[in-house]
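**Student:** Following this line is start.cif, made up of mmCIF, C-alpha atoms (C1' of nucleotides):
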data_input
loop_
_atom_site.label_atom_id
_atom_site.label_comp_id
_atom_site.auth_asym_id
_atom_site.auth_seq_id
_atom_site.Cartn_x
_atom_site.Cartn_y
_atom_site.Cartn_z
CA MET A 1 40.35 -20.14 65.65
CA LYS A 2 42.04 -19.81 62.30
CA ALA A 3 39.93 -20.53 59.30
CA GLY A 4 42.77 -21.11 56.87
CA LEU A 5 41.54 -18.52 54.43
CA SER A 6 43.45 -16.75 51.73
CA LYS A 7 42.61 -13.83 49.54
CA GLU A 8 42.10 -16.16 46.60
CA LYS A 9 39.75 -18.48 48.41
CA ILE A 10 37.73 -15.57 49.70
CA ILE A 11 37.42 -14.06 46.26
CA ILE A 12 36.15 -17.32 44.85
CA ILE A 13 33.49 -17.57 47.52
CA ALA A 14 32.60 -13.92 47.12
CA ALA A 15 32.26 -14.35 43.37
CA LYS A 16 29.94 -17.27 43.89
CA MET A 17 27.82 -15.23 46.27
CA ALA A 18 27.69 -12.30 43.89
CA ASP A 19 26.63 -14.57 41.05
CA GLU A 20 23.89 -16.09 43.15
CA LYS A 21 22.42 -13.06 44.86
CA GLY A 22 23.70 -10.09 42.92
CA LEU A 23 26.62 -7.84 43.70
CA ALA A 24 24.57 -5.52 45.88
CA GLU A 25 23.85 -8.34 48.31
CA LEU A 26 27.52 -9.06 48.72
CA THR A 27 28.22 -7.12 51.90
CA LEU A 28 31.18 -7.63 54.15
CA LYS A 29 28.78 -8.90 56.76
CA ALA A 30 27.22 -11.46 54.43
CA LEU A 31 30.61 -12.59 53.21
CA ALA A 32 31.96 -12.89 56.74
CA ASP A 33 28.93 -14.91 57.78
CA GLU A 34 29.42 -17.23 54.84
CA LEU A 35 33.08 -17.67 55.70
CA GLY A 36 32.39 -18.21 59.38
CA ILE A 37 34.39 -15.20 60.51
CA LYS A 38 33.58 -11.70 61.74
CA PRO A 39 33.47 -8.73 59.39
CA PRO A 40 36.53 -6.95 60.83
CA SER A 41 38.64 -10.01 60.10
CA LEU A 42 38.16 -9.42 56.41
CA TYR A 43 40.33 -6.35 56.68
CA LYS A 44 43.28 -8.65 57.26
CA HIS A 45 42.84 -9.85 53.70
CA PHE A 46 41.42 -6.71 52.15
CA ASN A 47 43.01 -3.67 53.62
CA GLY A 48 40.82 -1.46 51.53
CA GLY A 49 37.62 -3.07 52.78
CA LEU A 50 34.62 -3.34 50.52
CA ASP A 51 36.17 -1.26 47.78
CA GLU A 52 39.14 -3.53 47.51
CA LEU A 53 36.95 -6.61 47.51
CA ASN A 54 35.02 -5.22 44.59
CA LYS A 55 38.20 -4.32 42.78
CA GLU A 56 39.55 -7.83 43.25
CA LEU A 57 36.31 -9.30 41.99
CA MET A 58 36.56 -7.15 38.92
CA LEU A 59 40.12 -8.29 38.23
CA TYR A 60 39.19 -11.90 38.92
CA GLY A 61 36.30 -11.67 36.49
CA TRP A 62 38.38 -10.21 33.70
CA ARG A 63 41.11 -12.77 34.21
CA MET A 64 38.60 -15.58 34.04
CA LEU A 65 36.91 -14.19 30.96
CA ASP A 66 40.27 -13.65 29.28
CA GLY A 67 41.13 -17.26 29.94
CA GLU A 68 37.91 -18.61 28.53
CA ILE A 69 38.07 -16.46 25.44
CA THR A 70 41.67 -17.41 24.86
CA LYS A 71 40.78 -21.06 25.02
CA ALA A 72 37.82 -20.54 22.72
CA VAL A 73 39.67 -18.86 19.88
CA ILE A 74 42.63 -21.22 19.78
CA GLY A 75 43.04 -22.57 16.28
CA LYS A 76 40.37 -20.27 14.84
CA ALA A 77 40.71 -17.27 12.57
CA LYS A 78 38.59 -14.51 11.09
CA ASP A 79 34.84 -14.97 11.40
CA ASP A 80 35.20 -18.25 13.24
CA ALA A 81 37.33 -16.61 15.87
CA VAL A 82 34.98 -13.66 16.28
CA ILE A 83 31.97 -15.93 16.53
CA ALA A 84 33.63 -18.11 19.14
CA LEU A 85 34.72 -15.07 21.05
CA CYS A 86 31.26 -13.54 21.12
CA HIS A 87 29.52 -16.72 22.17
CA THR A 88 32.06 -17.29 24.91
CA TYR A 89 31.62 -13.78 26.22
CA ARG A 90 27.87 -14.12 26.28
CA LYS A 91 27.97 -17.51 27.97
CA PHE A 92 30.33 -16.18 30.57
CA VAL A 93 28.01 -13.32 31.44
CA SER A 94 25.00 -15.58 31.69
CA GLU A 95 26.88 -17.76 34.15
CA HIS A 96 28.47 -14.93 36.12
CA LYS A 97 25.99 -12.14 36.41
CA GLY A 98 27.41 -10.94 39.70
CA LEU A 99 30.98 -10.92 38.51
CA PHE A 100 29.88 -9.14 35.39
CA GLU A 101 28.39 -6.40 37.52
CA ALA A 102 31.70 -6.07 39.29
CA MET A 103 33.55 -5.98 35.99
CA GLN A 104 31.62 -2.94 34.93
CA TRP A 105 32.78 -1.17 38.00
CA TYR A 106 36.12 -0.23 36.58
CA ASN A 107 35.75 3.48 36.43
CA MET A 108 35.45 4.08 40.14
CA TYR A 109 38.61 5.57 41.46
CA GLN A 110 39.39 6.08 37.78
CA SER A 111 42.74 4.35 38.22
CA GLU A 112 45.23 2.70 35.94
CA GLU A 113 44.66 -0.71 37.36
CA HIS A 114 41.08 -0.75 36.27
CA GLN A 115 41.90 0.38 32.79
CA GLN A 116 44.33 -2.48 32.44
CA ALA A 117 41.88 -5.02 33.77
CA SER A 118 39.77 -5.04 30.65
CA ALA A 119 42.79 -4.47 28.43
CA GLY A 120 43.38 -8.23 28.36
CA SER A 121 40.08 -8.90 26.66
CA VAL A 122 40.58 -6.00 24.34
CA ASP A 123 43.89 -7.47 23.40
CA ILE A 124 42.41 -10.85 22.69
CA ILE A 125 39.73 -9.35 20.49
CA TYR A 126 42.41 -7.39 18.73
CA ARG A 127 44.49 -10.47 18.09
CA SER A 128 41.46 -12.39 16.90
CA LEU A 129 41.18 -9.82 14.16
CA SER A 130 44.77 -10.27 13.07
CA SER A 131 43.90 -12.42 10.10
CA TYR A 132 41.58 -9.83 8.60
CA GLU A 133 42.88 -7.45 6.01
CA MET A 134 42.33 -4.15 7.66
CA THR A 135 44.33 -1.21 8.87
CA ASP A 136 45.33 -0.94 12.49
CA GLU A 137 42.92 1.90 12.93
CA GLN A 138 40.11 -0.17 11.50
CA LYS A 139 41.03 -2.89 13.95
CA VAL A 140 40.76 -0.51 16.86
CA HIS A 141 37.35 0.59 15.66
CA THR A 142 36.27 -2.99 15.19
CA VAL A 143 37.44 -4.02 18.62
CA ARG A 144 35.48 -1.20 20.15
CA MET A 145 32.42 -2.06 18.16
CA ILE A 146 32.52 -5.69 19.16
CA ARG A 147 33.21 -4.85 22.75
CA ALA A 148 30.38 -2.34 22.85
CA PHE A 149 28.00 -4.78 21.28
CA LEU A 150 28.92 -7.61 23.63
CA GLN A 151 28.75 -5.49 26.71
CA GLY A 152 25.52 -3.80 25.68
CA PHE A 153 23.81 -6.98 24.68
CA SER A 154 24.87 -8.73 27.84
CA THR A 155 23.75 -5.90 30.04
CA ILE A 156 20.36 -5.78 28.41
CA GLU A 157 20.04 -9.53 28.66
CA VAL A 158 20.97 -9.57 32.33
CA HIS A 159 18.62 -6.72 33.12
CA VAL A 160 15.68 -7.54 30.96
CA GLY A 161 15.58 -11.30 31.01
CA SER A 162 14.43 -13.46 28.16
CA ASN A 163 10.68 -13.60 27.97
CA TYR A 164 9.99 -12.26 24.51
CA PRO A 165 8.27 -13.75 21.52
CA VAL A 166 11.46 -13.31 19.47
CA PRO A 167 14.26 -15.22 21.21
CA LEU A 168 17.35 -13.31 22.23
CA ASP A 169 19.53 -16.07 20.83
CA ASP A 170 18.28 -15.27 17.37
CA SER A 171 18.90 -11.58 17.86
CA PHE A 172 22.39 -12.25 19.06
CA ASP A 173 23.22 -14.37 16.01
CA PHE A 174 21.58 -11.87 13.75
CA ALA A 175 23.62 -9.02 15.14
CA LEU A 176 26.75 -11.07 14.93
CA ARG A 177 26.13 -11.81 11.27
CA THR A 178 25.46 -8.14 10.65
CA ILE A 179 28.72 -7.14 12.24
CA LEU A 180 30.66 -9.77 10.32
CA SER A 181 29.03 -8.71 7.10
CA GLY A 182 29.91 -5.12 7.94
CA ILE A 183 33.50 -6.11 8.52
CA ALA A 184 33.60 -7.94 5.22
CA ASP A 185 32.31 -4.81 3.47
CA MET A 186 34.92 -2.49 4.84
CA LYS A 187 37.66 -3.08 2.25
CA GLY A 188 37.64 0.13 0.26
CA ASP A 189 36.45 2.47 3.00
CA GLU A 190 38.67 5.16 4.38
CA MET B 191 9.60 26.52 57.16
CA LYS B 192 8.16 25.21 53.93
CA ALA B 193 10.49 24.97 51.03
CA GLY B 194 7.83 24.74 48.34
CA LEU B 195 9.19 21.55 46.91
CA SER B 196 7.49 19.03 44.70
CA LYS B 197 8.45 15.59 43.58
CA GLU B 198 9.26 16.93 40.14
CA LYS B 199 11.49 19.72 41.35
CA ILE B 200 13.35 17.34 43.61
CA ILE B 201 13.92 14.87 40.83
CA ILE B 202 15.36 17.57 38.63
CA ILE B 203 17.79 18.64 41.33
CA ALA B 204 18.65 15.04 42.11
CA ALA B 205 19.33 14.33 38.46
CA LYS B 206 21.65 17.30 38.29
CA MET B 207 23.51 16.08 41.34
CA ALA B 208 23.81 12.57 39.96
CA ASP B 209 25.16 13.91 36.69
CA GLU B 210 27.72 16.02 38.48
CA LYS B 211 28.99 13.63 41.13
CA GLY B 212 27.84 10.21 40.05
CA LEU B 213 24.82 8.27 41.17
CA ALA B 214 26.63 6.70 44.12
CA GLU B 215 27.16 10.12 45.68
CA LEU B 216 23.50 10.91 45.51
CA THR B 217 22.49 10.01 49.05
CA LEU B 218 19.35 11.16 50.78
CA LYS B 219 21.54 13.17 53.09
CA ALA B 220 23.35 14.93 50.25
CA LEU B 221 20.09 15.61 48.46
CA ALA B 222 18.45 16.95 51.59
CA ASP B 223 21.44 19.22 52.25
CA GLU B 224 21.25 20.54 48.71
CA LEU B 225 17.54 21.21 49.07
CA GLY B 226 17.93 22.83 52.46
CA ILE B 227 15.79 20.29 54.26
CA LYS B 228 16.43 17.33 56.56
CA PRO B 229 16.66 13.77 55.23
CA PRO B 230 13.46 12.49 56.86
CA SER B 231 11.49 15.17 55.08
CA LEU B 232 12.25 13.50 51.79
CA TYR B 233 10.01 10.65 52.81
CA LYS B 234 7.06 12.98 52.42
CA HIS B 235 7.82 13.05 48.70
CA PHE B 236 9.31 9.60 48.29
CA ASN B 237 7.55 7.12 50.46
CA GLY B 238 9.88 4.41 49.34
CA GLY B 239 12.99 6.34 50.31
CA LEU B 240 16.18 5.95 48.33
CA ASP B 241 14.83 3.12 46.21
CA GLU B 242 11.94 5.19 45.02
CA LEU B 243 14.17 8.13 44.28
CA ASN B 244 16.32 5.95 42.07
CA LYS B 245 13.30 4.53 40.35
CA GLU B 246 11.98 8.00 39.63
CA LEU B 247 15.33 9.07 38.28
CA MET B 248 15.32 6.10 35.98
CA LEU B 249 11.86 6.96 34.67
CA TYR B 250 12.76 10.61 34.33
CA GLY B 251 15.87 9.71 32.35
CA TRP B 252 14.03 7.47 29.94
CA ARG B 253 11.31 10.05 29.43
CA MET B 254 13.87 12.71 28.67
CA LEU B 255 15.81 10.50 26.29
CA ASP B 256 12.61 9.47 24.54
CA GLY B 257 11.77 13.10 24.06
CA GLU B 258 15.11 14.02 22.61
CA ILE B 259 15.21 11.08 20.27
CA THR B 260 11.68 11.75 19.12
CA LYS B 261 12.61 15.32 18.29
CA ALA B 262 15.77 14.21 16.53
CA VAL B 263 14.18 11.75 14.13
CA ILE B 264 11.30 13.93 13.06
CA GLY B 265 11.26 14.20 9.29
CA LYS B 266 14.02 11.66 8.85
CA ALA B 267 13.87 8.13 7.50
CA LYS B 268 16.08 5.11 7.09
CA ASP B 269 19.78 5.67 7.62
CA ASP B 270 19.29 9.35 8.40
CA ALA B 271 16.90 8.48 11.16
CA VAL B 272 19.15 5.82 12.62
CA ILE B 273 22.16 8.11 12.52
CA ALA B 274 20.28 10.92 14.21
CA LEU B 275 18.96 8.55 16.81
CA CYS B 276 22.38 7.16 17.63
CA HIS B 277 24.04 10.52 17.88
CA THR B 278 21.27 11.81 20.08
CA TYR B 279 21.54 8.84 22.39
CA ARG B 280 25.26 9.23 22.70
CA LYS B 281 25.05 12.95 23.32
CA PHE B 282 22.43 12.38 25.96
CA VAL B 283 24.62 9.93 27.83
CA SER B 284 27.64 12.21 27.68
CA GLU B 285 25.56 14.98 29.22
CA HIS B 286 23.76 12.81 31.75
CA LYS B 287 26.16 10.25 33.07
CA GLY B 288 24.44 10.03 36.42
CA LEU B 289 20.98 9.64 34.97
CA PHE B 290 22.33 7.03 32.62
CA GLU B 291 23.58 5.04 35.58
CA ALA B 292 20.11 5.22 37.07
CA MET B 293 18.56 4.15 33.79
CA GLN B 294 20.51 0.93 33.85
CA TRP B 295 19.07 0.15 37.18
CA TYR B 296 15.86 -1.21 35.82
CA ASN B 297 16.13 -4.81 36.78
CA MET B 298 16.12 -4.28 40.51
CA TYR B 299 12.79 -5.27 41.91
CA GLN B 300 12.35 -6.91 38.52
CA SER B 301 9.03 -5.15 38.09
CA GLU B 302 6.81 -4.29 35.18
CA GLU B 303 7.30 -0.60 35.59
CA HIS B 304 10.98 -0.84 34.86
CA GLN B 305 10.44 -2.96 31.79
CA GLN B 306 8.12 -0.33 30.40
CA ALA B 307 10.49 2.49 31.14
CA SER B 308 12.88 1.62 28.38
CA ALA B 309 10.07 0.40 26.13
CA GLY B 310 9.56 3.94 24.93
CA SER B 311 13.01 4.16 23.40
CA VAL B 312 12.70 0.71 21.98
CA ASP B 313 9.51 1.81 20.35
CA ILE B 314 11.11 4.87 18.84
CA ILE B 315 13.97 2.84 17.44
CA TYR B 316 11.43 0.42 16.06
CA ARG B 317 9.47 3.17 14.38
CA SER B 318 12.63 4.70 12.99
CA LEU B 319 13.15 1.47 11.12
CA SER B 320 9.68 1.55 9.61
CA SER B 321 10.88 2.76 6.23
CA TYR B 322 13.30 -0.11 5.77
CA GLU B 323 12.22 -3.14 3.87
CA MET B 324 12.55 -5.84 6.42
CA THR B 325 10.39 -8.33 8.20
CA ASP B 326 9.04 -7.57 11.65
CA GLU B 327 11.36 -10.13 13.10
CA GLN B 328 14.34 -8.52 11.45
CA LYS B 329 13.22 -5.22 12.89
CA VAL B 330 13.17 -6.67 16.38
CA HIS B 331 16.66 -8.01 15.87
CA THR B 332 17.85 -4.71 14.53
CA VAL B 333 16.34 -2.75 17.39
CA ARG B 334 18.11 -4.99 19.83
CA MET B 335 21.37 -4.71 18.00
CA ILE B 336 21.23 -0.93 17.89
CA ARG B 337 20.17 -0.72 21.49
CA ALA B 338 22.94 -3.06 22.59
CA PHE B 339 25.51 -1.15 20.61
CA LEU B 340 24.40 2.22 21.95
CA GLN B 341 24.23 1.07 25.53
CA GLY B 342 27.52 -0.78 25.33
CA PHE B 343 29.37 1.99 23.63
CA SER B 344 28.02 4.56 26.03
CA THR B 345 28.91 2.50 29.05
CA ILE B 346 32.43 1.97 27.85
CA GLU B 347 32.75 5.63 27.05
CA VAL B 348 31.51 6.71 30.45
CA HIS B 349 33.74 4.23 32.22
CA VAL B 350 36.88 4.45 30.21
CA GLY B 351 36.95 8.08 29.19
CA SER B 352 38.42 9.35 25.98
CA ASN B 353 42.18 9.50 26.13
CA TYR B 354 43.18 7.22 23.29
CA PRO B 355 45.21 7.81 20.19
CA VAL B 356 42.25 6.75 18.06
CA PRO B 357 39.33 9.03 18.91
CA LEU B 358 36.12 7.45 20.13
CA ASP B 359 34.13 9.67 17.79
CA ASP B 360 35.69 7.92 14.84
CA SER B 361 34.99 4.52 16.30
CA PHE B 362 31.40 5.46 16.90
CA ASP B 363 30.91 6.61 13.33
CA PHE B 364 32.72 3.59 12.05
CA ALA B 365 30.52 1.23 13.99
CA LEU B 366 27.44 3.10 12.90
CA ARG B 367 28.44 2.74 9.25
CA THR B 368 29.11 -0.92 9.78
CA ILE B 369 25.71 -1.47 11.27
CA LEU B 370 24.00 0.46 8.49
CA SER B 371 25.91 -1.47 5.90
CA GLY B 372 24.94 -4.67 7.65
CA ILE B 373 21.30 -3.59 7.55
CA ALA B 374 21.56 -2.80 3.87
CA ASP B 375 22.97 -6.26 3.23
CA MET B 376 20.22 -8.14 4.92
CA LYS B 377 17.73 -8.34 2.05
CA GLY B 378 17.88 -11.98 1.09
CA ASP B 379 18.86 -13.42 4.43
CA GLU B 380 16.50 -15.57 6.42
"C1'" DT C 381 -13.29 29.84 59.55
"C1'" DA C 382 -12.79 25.22 61.15
"C1'" DT C 383 -10.69 21.15 59.48
"C1'" DA C 384 -7.99 18.18 56.97
"C1'" DA C 385 -4.02 17.36 54.35
"C1'" DT C 386 0.75 18.65 53.45
"C1'" DA C 387 5.53 19.21 54.29
"C1'" DG C 388 8.61 20.13 57.42
"C1'" DC C 389 11.16 19.01 62.00
"C1'" DT C 390 13.51 16.41 66.07
"C1'" DA C 391 14.56 12.25 68.33
"C1'" DA C 392 15.55 7.55 68.17
"C1'" DT C 393 16.68 3.04 65.92
"C1'" DG C 394 19.09 -0.15 62.94
"C1'" DC C 395 22.54 -1.77 60.11
"C1'" DA C 396 26.78 -2.08 57.65
"C1'" DA C 397 31.48 -0.33 57.29
"C1'" DT C 398 35.26 0.70 59.47
"C1'" DT C 399 39.02 1.47 63.15
"C1'" DA C 400 41.68 0.33 67.32
"C1'" DG C 401 43.66 -2.66 70.14
"C1'" DC C 402 44.10 -7.38 71.94
"C1'" DA C 403 44.91 -12.58 71.59
"C1'" DT C 404 46.21 -16.56 69.33
"C1'" DT C 405 48.26 -19.30 65.92
"C1'" DA C 406 51.83 -20.07 62.33
"C1'" DT C 407 56.29 -19.35 60.59
"C1'" DT C 408 60.92 -18.65 60.51
"C1'" DG C 409 65.75 -17.83 61.75
"C1'" DT C 410 69.10 -19.52 64.80
"C1'" DA D 411 63.63 -26.87 69.76
"C1'" DC D 412 62.40 -22.06 70.62
"C1'" DA D 413 62.31 -17.20 70.69
"C1'" DA D 414 60.85 -13.60 67.66
"C1'" DT D 415 57.77 -12.08 64.22
"C1'" DA D 416 54.11 -12.08 61.11
"C1'" DA D 417 49.54 -13.42 60.11
"C1'" DT D 418 44.78 -14.00 61.23
"C1'" DG D 419 41.15 -13.84 64.10
"C1'" DC D 420 38.33 -11.48 67.85
"C1'" DT D 421 35.72 -7.86 70.73
"C1'" DA D 422 34.52 -3.21 71.54
"C1'" DA D 423 33.60 1.21 69.91
"C1'" DT D 424 32.75 4.78 66.20
"C1'" DT D 425 30.76 6.70 62.18
"C1'" DG D 426 27.41 7.61 58.78
"C1'" DC D 427 23.39 6.92 56.28
"C1'" DA D 428 18.60 5.18 55.90
"C1'" DT D 429 14.67 4.82 57.98
"C1'" DT D 430 10.65 5.17 61.46
"C1'" DA D 431 7.74 7.51 64.87
"C1'" DG D 432 5.61 11.14 66.46
"C1'" DC D 433 5.16 16.24 66.71
"C1'" DT D 434 4.25 21.01 64.54
"C1'" DA D 435 3.38 24.49 61.43
"C1'" DT D 436 1.55 25.74 57.20
"C1'" DT D 437 -1.48 25.42 53.34
"C1'" DA D 438 -5.66 24.31 51.20
"C1'" DT D 439 -10.52 23.37 51.39
"C1'" DA D 440 -15.32 22.48 52.83
#
Could you take the file, read its structure, and then write that structure out as structure tokens?
**Tutor:**
Amino acid sequence: MKAGLSKEKIIIIAAKMADEKGLAELTLKALADELGIKPPSLYKHFNGGLDELNKELMLYGWRMLDGEITKAVIGKAKDDAVIALCHTYRKFVSEHKGLFEAMQWYNMYQSEEHQQASAGSVDIIYRSLSSYEMTDEQKVHTVRMIRAFLQGFSTIEVHVGSNYPVPLDDSFDFALRTILSGIADMKGDE
Amino acid sequence: MKAGLSKEKIIIIAAKMADEKGLAELTLKALADELGIKPPSLYKHFNGGLDELNKELMLYGWRMLDGEITKAVIGKAKDDAVIALCHTYRKFVSEHKGLFEAMQWYNMYQSEEHQQASAGSVDIIYRSLSSYEMTDEQKVHTVRMIRAFLQGFSTIEVHVGSNYPVPLDDSFDFALRTILSGIADMKGDE
DNA sequence: TATAATAGCTAATGCAATTAGCATTATTGT
DNA sequence: ACAATAATGCTAATTGCATTAGCTATTATA
């Protein structure tokens, strides 16, 4: 019997499974079961087996995040753009914990492809900064800072959960304001 | 033959292996080979098998990082303390990439123990902020911001490597200055 | 020194990934 | 329409690691 599957459809299902149960639970066996096929059949779609599946999930995740961020910053500039970008990133992670795990996977097989995967988001952050008056080098630093903050905060949030007296939302906004204020201060600096 | 091993000795070797080859390569088989014993023997030290080994590595990593940070901030206050703390954290990660991977593992089996593991570092960051004039709530926010930044930056650094035109060192210092400047600005804010 | 605990071993099991080779269903060129 | 080909699925078999069970030697202790 032919199940009428395609790489894209499989990736979408796999992403859903990863988001629901965590990336570690996404085995070829579990995925095959879900799809109603046998594990070896997956190799017809993913020659590279589990590794390739993970790589595709990573790329899929970055593409999706790029798309959402792009939408979110349309028509916005400076602080508004950065704020929208950060909130979008955070929302994405909260809704796609499994994909986010896969997206952090990009050093394995330290290849080009993986480097480029996150380059899209980096580029969008970079362009969101275009309306600020800063040197290109300052922009690179700022992109890295924002990226580090977003990734770090998201990771902690995913891992730790949100059961504190002081809400994480407040901390996120606080940190965002701090970063923006830092950016505003950076005129005269080297 | 008795190899005269103890849980502690094994963890130290395992940590070294993880740092050298990556956490994923640290299998019970590889560890047993390295130790000159057979895989099942490891269960005499780690009842819980691979899971427990990973958990112990995580705890070991946090203990070690706590120790180094504690040493680094002795006799320092305010910005000096924060700067020392951040540099120490970053240096630690660059020297212990495998352990760092294990340290991020702390949500699995979403238990108490894991929560507490990173609490030590959080506490040290918190205490490093004691000499600033800010409310307790602001301190919590700031701790989270610093922690997110450090973790995010380190992760990116570990994953991406350092082959850019703009050196990561500069970006790190830049971000650190930005955060400190943001902290300095936060007097009147809510 | 007898006894219990410790730390190692071998043998066997289970499970997921993967490979090889076969069968069936689509597709496509004529 | 139909032969050739590609695509997609299957079963059977292999590999490798984690884990369990049960045995043995060594160490520590009463």
**Student:** State, in Å with one decimal place, the distance from atom C1' of DG388 of chain C to atom CA of Ala222 of chain B.
**Tutor:**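 A separation of 11.9 Å between them.
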**Student:** Do you have the atom CA of Asp363 of chain B-atom CA of Gly310 of chain B distance handy?
**Tutor:** 24.4 Å
**Student:** Each residue of chain B lying at most 6 Å from chain A should get a row with its shortest atom-to-atom pair and the distance in Å to one decimal, counting only C-alpha atoms; could you produce that, ordered by chain and increasing number, as JSON lines?
**Tutor:**
{"residue": "B:Asn297", "atom": "CA", "partner": "A:His159", "partner_atom": "CA", "distance": 4.8}
{"residue": "B:His331", "atom": "CA", "partner": "A:Ser171", "partner_atom": "CA", "distance": 4.7}
{"residue": "B:Met335", "atom": "CA", "partner": "A:Ala175", "partner_atom": "CA", "distance": 5.6}
{"residue": "B:Ala338", "atom": "CA", "partner": "A:Gly152", "partner_atom": "CA", "distance": 4.1}
{"residue": "B:Phe339", "atom": "CA", "partner": "A:Phe149", "partner_atom": "CA", "distance": 4.5}
{"residue": "B:Gln341", "atom": "CA", "partner": "A:Gly152", "partner_atom": "CA", "distance": 5.0}
{"residue": "B:Gly342", "atom": "CA", "partner": "A:Gly152", "partner_atom": "CA", "distance": 3.6}
{"residue": "B:Phe343", "atom": "CA", "partner": "A:Ala148", "partner_atom": "CA", "distance": 4.5}
{"residue": "B:His349", "atom": "CA", "partner": "A:Asn107", "partner_atom": "CA", "distance": 4.7}
{"residue": "B:Ser361", "atom": "CA", "partner": "A:His141", "partner_atom": "CA", "distance": 4.6}
{"residue": "B:Ala365", "atom": "CA", "partner": "A:Met145", "partner_atom": "CA", "distance": 5.6}
{"residue": "B:Thr368", "atom": "CA", "partner": "A:Gly182", "partner_atom": "CA", "distance": 4.7}
{"residue": "B:Ser371", "atom": "CA", "partner": "A:Gly182", "partner_atom": "CA", "distance": 5.8}
{"residue": "B:Gly372", "atom": "CA", "partner": "A:Thr178", "partner_atom": "CA", "distance": 4.6}
**Student:** Can those selected residues be exported to a file as a JSON list (two decimals), keeping the file's coordinate frame so that it contains C-alpha atoms?
**Tutor:**
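File produced: again34.json:
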[["chain", "number", "residue", "atom", "x", "y", "z"],
["B", 297, "ASN", "CA", 16.13, -4.81, 36.78],
["B", 331, "HIS", "CA", 16.66, -8.01, 15.87],
["B", 335, "MET", "CA", 21.37, -4.71, 18.00],
["B", 338, "ALA", "CA", 22.94, -3.06, 22.59],
["B", 339, "PHE", "CA", 25.51, -1.15, 20.61],
["B", 341, "GLN", "CA", 24.23, 1.07, 25.53],
["B", 342, "GLY", "CA", 27.52, -0.78, 25.33],
["B", 343, "PHE", "CA", 29.37, 1.99, 23.63],
["B", 349, "HIS", "CA", 33.74, 4.23, 32.22],
["B", 361, "SER", "CA", 34.99, 4.52, 16.30],
["B", 365, "ALA", "CA", 30.52, 1.23, 13.99],
["B", 368, "THR", "CA", 29.11, -0.92, 9.78],
["B", 371, "SER", "CA", 25.91, -1.47, 5.90],
["B", 372, "GLY", "CA", 24.94, -4.67, 7.65]]
**Student:** Counting all atoms listed in the file, which residues of chain C come no farther than 9 Å from chain B, as a list in words?
**Tutor:**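 So the residues of chain C near chain B are DT386, DA387, DG388 and DC389 of chain C.
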**Student:** Near segment 397-399 of chain C, within 12 Å and counting all atoms listed in the file, which residues show up once chain neighbours fewer than 4 positions away are dropped, as a list in words?
**Tutor:**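 Final neighbour list, sorted by chain and number: Thr27, Leu28, Lys29, Pro39, Pro40, Ser41, Leu42, Tyr43, Asn47, Gly48, Gly49, Leu50 and Asp51 of chain A; DA422, DA423, DT424, DT425, DG426 and DC427 of chain D.
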**Student:** Looking at only C-alpha atoms (C1' of nucleotides), which of B:Ala205, B:Leu216, B:Ala309, B:Tyr316 is the one that sits closest to chain D?
**Tutor:** B:Leu216
**Student:** Figure out the distance between atom CA of Val93 of chain A and atom CA of Tyr132 of chain A, please, to one decimal in Å.
**Tutor:** 26.8 Å
**Student:** I want to know what sits within 10 Å of DA392 of chain C, based on all atoms listed in the file, with residues of the same chain fewer than 2 positions away left out; could you give that as a CSV table (one decimal) with C-alpha atoms (C1' of nucleotides), in the coordinates of the input?
**Tutor:**
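File produced: result.csv:
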chain,number,residue,atom,x,y,z
C,390,DT,C1',13.5,16.4,66.1
C,394,DG,C1',19.1,-0.2,62.9
D,430,DT,C1',10.6,5.2,61.5
D,431,DA,C1',7.7,7.5,64.9
